[in-house]
Number of protein chains: 2
Amino acid sequence: MVLSERMKRILAAVAHRYITYVEPVSSSTIAREYNLNLSTATIRHELFLLEKDGYLWHPHTSSGRIPTDKGYRFYVDNLMQKSYLSKGDKDLIIRIYKKSKEFEYTMKSTSQLLSQLTDNIGVVLGPIVYNNLVDYIQFNAIGNDRILVIIVTDTGLVYQKIINISGEITKDNLNYLSNYINSKLKNKDINLIDLNSILIDELEKFLSFQRRFNYIHNFLKECFNFEYLENKIYLDGRINIIKKPEFKEADKLNYILSFIEEEGILAKVIKEDINFEDTKITIGRENRQKEIQNCSLISSKYNIRGRPSGVIMILGPTRMNYSRMVSVVEYISDKLSEVLSKY
Amino acid sequence: MVLSERMKRILAAVAHRYITYVEPVSSSTIAREYNLNLSTATIRHELFLLEKDGYLWHPHTSSGRIPTDKGYRFYVDNLMQKSYLSKGDKDLIIRIYKKSKEFEYTMKSTSQLLSQLTDNIGVVLGPIVYNNLVDYIQFNAIGNDRILVIIVTDTGLVYQKIINISGEITKDNLNYLSNYINSKLKNKDINLIDLNSILIDELEKFLSFQRRFNYIHNFLKECFNFEYLENKIYLDGRINIIKKPEFKEADKLNYILSFIEEEGILAKVIKEDINFEDTKITIGRENRQKEIQNCSLISSKYNIRGRPSGVIMILGPTRMNYSRMVSVVEYISDKLSEVLSKY
DNA sequence: ATTAGCACTCTCTTAATGAGAGTGCTAATT
DNA sequence: AATTAGCACTCTCATTAAGAGAGTGCTAAT
């Protein structure tokens with residue numbers, strides 16, 4: 001059914017009112033607060049039709065209306081007014097980023113900003129290696145049994161990792177390996193590195209300096225295993241969720257929090273759905289994970305030097321101020337992109 | 001007052017029972033479950049005396065007894081039986097550590113083990129620079145405007161940090177600086193580095209290669225600022241706390257969680273009280289921070305190569321199984337020390 | 001097509017009630 | 001002198017009842 005102009009206005013009123021006051025919205029409230037110049041009876045009739053069409057529901061016979069996921073979706077797509085951040089909010093964001101000189105700190109601050117400004121959970125997914133080319137790779141021996149590996153990509157990302165080695169390796173061997181690897185991998189897409197081909201390719205030379213193929217192979221495998229780094233998640237504002245009236249019942253709260261607590265799982269789940277869209281709103285049951293099907297996600301990609309690299313997001317109850325959420329997420333992702341691009 | 005043997009047994013019974021069932025303990029329960037061969041009336045009288053002395057309290061006239069902080073303290077110091085980890089628990093811990101090859105992963109796993117095995121919150125404070133001597137310092141230029149600083153200490157700790165520099169620095173200058181700094185700082189206690197003295201000491205030579213004292217000074221200040229690293233906290237098991245019956249009321253929960261959420265604050269607070277004791281139990285109001293005065297902390301230091309380096313701990317309601325907590329914390333801190341010492 | 005009017009439904013709050021668990025005290029017993 | 005039986009008393013907790021209030025859904029009038 002196509003919604004009439006009047007129905008849209010009424011749906012918008014319900015959504016707006018419910019988002020603000022978290023109480024079922026009655027026909028009389030709409031009549032009183034939103035000047036539609038209609039009697040409560042007429043509004044009731046329209047509400048009835050909207051409910052029949054799945055945009056609204058009500059928890060019991062004599063209660064007001066609440067938007068369904070479908071209702072929120074329509075509201076978000078068609079009715080919501082764009083909102084703009086206040087100067088104060090913008091200043092806060094800029095101030096925080098100005099004093100963040102370190103990558104980790106920047107990411108952590110971003111999650112804090114998200115949660116603070118939206119009163120929901122703020123999530124930042126660390127940059128994933130996406131279309132990144134190897135600029136250079138450096139090996140630094142630390143003592144006898146550890147090697148610090150540094151991989152710098154063309155976008156300026158720096159991956160560091162300390163790898164314990166089981167055998168020994170001389171400085172000369174390390175240099176040789178370093179030169180060899182660099183010559184092979186320079187400007188290669190970091191995701192598409194095929195270790196076997198590299199190693200087998202010049203296997204003979206390679207083995208000539210040390211008869212330990214497996215050993216070197218494992219070491220390199222470790223070097224290019226970004227799983228831990230890629231799944232790194234920065235999360236802030238769990239308390240905000242606890243305070244929300246919709247999660248008063250301990251069960252529901254548990255459900256969400258147990259999902260969030262396992263950051264590894266969260267990262268994987270989020271990554272599955274990433275396609276680096278500008279801003280994406282996922283409402284309630286639109287989420288694939290049942291644990292957050294009474295939550296909404298607002299996510300936005302961030303870029304590093306123009307290349308989509310990661311995602312920031314907000315997680316909160318479906319009843320949220322979508323308009324504000326979007327403006328916060330978009331502003332922060334913009335600024336974050338700037339900051340990270342400068343590194 | 002000195003407690004009679006009988007009173008001790010009764011106090012132990014109350015503590016044990018309450019820890020297990022989380023319900024006020026009545027005289028009849030004690031008579032029934034703990035064979036003291038006393039009538040309920042006699043037990044009631046003893047309970048009355050124990051309460052008068054501050055070891056117990058009861059929430060209302062007709063309810064059973066609950067240990068006070070003082071009661072728990074006496075129980076922990078004098079009555080509690082030492083418990084030992086099951087083979088299954090030990091195996092789990094060993095298995096996890098076996099597959100953890102990376103520092104970050106090890107720390108994260110430790111907090112997970114703590115929370116999983118105790119059903120409380122597990123906290124790991126990253127190793128702080130304590131009596132560590134500089135082994136060597138290395139500067140790696142990354143592009144034109146960043147330097148990766150690596151500081152390796154005599155215990156094998158590796159601090160890495162990427163510092164953005166505002167000006168430029170040539171490779172030669174970096175080498176010069178590196179040599180200079182290394183010669184000055186080798187074997188110096190990392191906590192006692194006095195930048196001013198180093199710089200002023202050979203100020204003239206120093207400035208001779210580049211007339212930018214402040215610039216270099218700021219850079220070095222960044223290098224030796226370990227605040228962010230030292231305050232790093234690994235925390236797991238927030239959900240466990242939410243499930244505890246004593247935190248059913250949202251207010252109390254909020255109180256604790258808001259304290260925990262701010263990891264920076266948590267780290268600072270914990271560090272204030274560290275003195276690297278083997279195992280330390282802090283019960284309820286013995287904690288200085290009012291937010292956790294209905295919680296207990298069980299903490300234990302861990303060593304890296306024999307040197308006290310950090311602390312792991314468990315945070316839960318005062319009503320906890322102290323005996324098990326202690327055995328878990330001690331076992332894990334032992335194993336963690338081993339693992340970290342191997343790096 | 002809109003609205004006034006009204007019966008009906010459901011929730012929420014308050015009060016009353018009674019059962020049950022436990023204590024505290026006293027007097028009896030060992 | 002220590003222990004115990006007995007019992008009044010207190011407080012909680014679950015259940016029930018009752019009434020106010022908010023809101024809907026329907027019908028008949030406008």
# chains A, B, ... in the order shown; residues from 1 in each chain; ligands from 1
$ interface_residues --of "chain B" --to "chain C" --cutoff "9 Å" --atoms "only C-alpha atoms (C1' of nucleotides)" --output "list in words"
Ser26, Ser27, Ser28, Arg44, His45, Thr61, Ser62, Ser63 and Gly64 of chain B
$ interface_residues --of "chain D" --to "chain B" --cutoff "7 Å" --atoms "only C-alpha atoms (C1' of nucleotides)" --output "JSON, numbers by chain"
{"D": [3, 4, 10, 11]}
$ closest_atom_pairs --of "chain A" --to "chain B" --cutoff "8 Å" --atoms "only C-alpha atoms" --output "JSON lines"
{"residue": "A:Lys101", "atom": "CA", "partner": "B:Asn164", "partner_atom": "CA", "distance": 6.9}
{"residue": "A:Glu102", "atom": "CA", "partner": "B:Ile162", "partner_atom": "CA", "distance": 6.9}
{"residue": "A:Ile142", "atom": "CA", "partner": "B:Val152", "partner_atom": "CA", "distance": 7.8}
{"residue": "A:Gly143", "atom": "CA", "partner": "B:Gly156", "partner_atom": "CA", "distance": 7.9}
{"residue": "A:Asp145", "atom": "CA", "partner": "B:Tyr343", "partner_atom": "CA", "distance": 7.9}
{"residue": "A:Arg146", "atom": "CA", "partner": "B:Tyr343", "partner_atom": "CA", "distance": 7.6}
{"residue": "A:Val152", "atom": "CA", "partner": "B:Ile142", "partner_atom": "CA", "distance": 7.8}
{"residue": "A:Gly156", "atom": "CA", "partner": "B:Gly143", "partner_atom": "CA", "distance": 8.0}
{"residue": "A:Ile162", "atom": "CA", "partner": "B:Glu102", "partner_atom": "CA", "distance": 7.0}
{"residue": "A:Ile163", "atom": "CA", "partner": "B:Glu102", "partner_atom": "CA", "distance": 7.2}
{"residue": "A:Asn164", "atom": "CA", "partner": "B:Lys101", "partner_atom": "CA", "distance": 7.0}
{"residue": "A:Asp236", "atom": "CA", "partner": "B:Glu261", "partner_atom": "CA", "distance": 7.7}
{"residue": "A:Gly237", "atom": "CA", "partner": "B:Glu261", "partner_atom": "CA", "distance": 7.4}
{"residue": "A:Arg238", "atom": "CA", "partner": "B:Glu261", "partner_atom": "CA", "distance": 7.6}
{"residue": "A:Ile239", "atom": "CA", "partner": "B:Ser258", "partner_atom": "CA", "distance": 6.6}
{"residue": "A:Ile242", "atom": "CA", "partner": "B:Asn254", "partner_atom": "CA", "distance": 7.8}
{"residue": "A:Lys243", "atom": "CA", "partner": "B:Ala250", "partner_atom": "CA", "distance": 7.8}
{"residue": "A:Ala250", "atom": "CA", "partner": "B:Lys243", "partner_atom": "CA", "distance": 7.9}
{"residue": "A:Asn254", "atom": "CA", "partner": "B:Ile239", "partner_atom": "CA", "distance": 6.9}
{"residue": "A:Leu257", "atom": "CA", "partner": "B:Ile239", "partner_atom": "CA", "distance": 6.6}
{"residue": "A:Ser258", "atom": "CA", "partner": "B:Ile239", "partner_atom": "CA", "distance": 6.5}
{"residue": "A:Glu261", "atom": "CA", "partner": "B:Gly237", "partner_atom": "CA", "distance": 7.4}
{"residue": "A:Tyr343", "atom": "CA", "partner": "B:Asn164", "partner_atom": "CA", "distance": 7.2}
$ residues_around --residues "Pro127 (chain A)" --least-positions-apart "4" --cutoff "8 Å" --atoms "only C-alpha atoms (C1' of nucleotides)" --output "list in words"
Glu230, Ser309, Gly310 and Val311 of chain A
$ write_last_selection --atoms "N, CA and C atoms" --output "mmCIF file, in the first residue's frame"
data_model
loop_
_atom_site.group_PDB
_atom_site.id
_atom_site.type_symbol
_atom_site.label_atom_id
_atom_site.label_comp_id
_atom_site.auth_asym_id
_atom_site.auth_seq_id
_atom_site.Cartn_x
_atom_site.Cartn_y
_atom_site.Cartn_z
ATOM 1 N N GLU A 230 43.740 -7.582 12.225
ATOM 2 C CA GLU A 230 42.557 -7.186 11.457
ATOM 3 C C GLU A 230 41.292 -7.271 12.273
ATOM 4 N N SER A 309 39.116 1.653 4.328
ATOM 5 C CA SER A 309 40.010 0.836 5.148
ATOM 6 C C SER A 309 39.352 0.195 6.358
ATOM 7 N N GLY A 310 38.273 0.773 6.806
ATOM 8 C CA GLY A 310 37.654 0.201 7.992
ATOM 9 C C GLY A 310 36.295 0.808 8.216
ATOM 10 N N VAL A 311 35.733 0.461 9.314
ATOM 11 C CA VAL A 311 34.353 0.847 9.581
ATOM 12 C C VAL A 311 34.217 1.310 11.023
#
$ residues_around --residues "Arg305 (chain A)" --least-positions-apart "4" --cutoff "9 Å" --atoms "only C-alpha atoms (C1' of nucleotides)" --output "ChimeraX atom specification"
/A:155-156,337-338,340-342
$ residues_around --residues "region 86-94 of chain A" --least-positions-apart "3" --cutoff "10 Å" --atoms "only C-alpha atoms (C1' of nucleotides)" --output "PyMOL selection string"
chain A and resi 83+97-99+109-110+113-114+117+328+331-332+335-336+339
$ atom_distance --atom1 "CA of Asn231 (chain B)" --atom2 "CA of Lys268 (chain A)"
27.4 Å
$ atom_distance --atom1 "CA of Lys280 (chain B)" --atom2 "CA of Ile96 (chain B)"
24.8 Å
$ select_by_dssp --residues "region 166-331 of chain B" --states "alpha helix (DSSP H)" --output "PyMOL selection string"
chain B and resi 171-185+195-201+203-209+213-223+227-230+238-243+250-261+263-272+322-331
$ select_by_dssp --residues "region 242-290 of chain B" --states "strand (DSSP E or B)" --output "VMD selection string"
chain B and resid 279 to 283
$ write_last_selection --atoms "C-alpha atoms" --output "PDB file, in the first residue's frame"
ATOM      1  CA  THR B 279      48.805 -12.616  46.543  1.00  0.00           C
ATOM      2  CA  LYS B 280      46.699  -9.919  47.998  1.00  0.00           C
ATOM      3  CA  ILE B 281      43.070 -10.043  48.980  1.00  0.00           C
ATOM      4  CA  THR B 282      41.179  -6.825  49.446  1.00  0.00           C
ATOM      5  CA  ILE B 283      37.697  -7.174  50.798  1.00  0.00           C
TER       6      ILE B 283
END
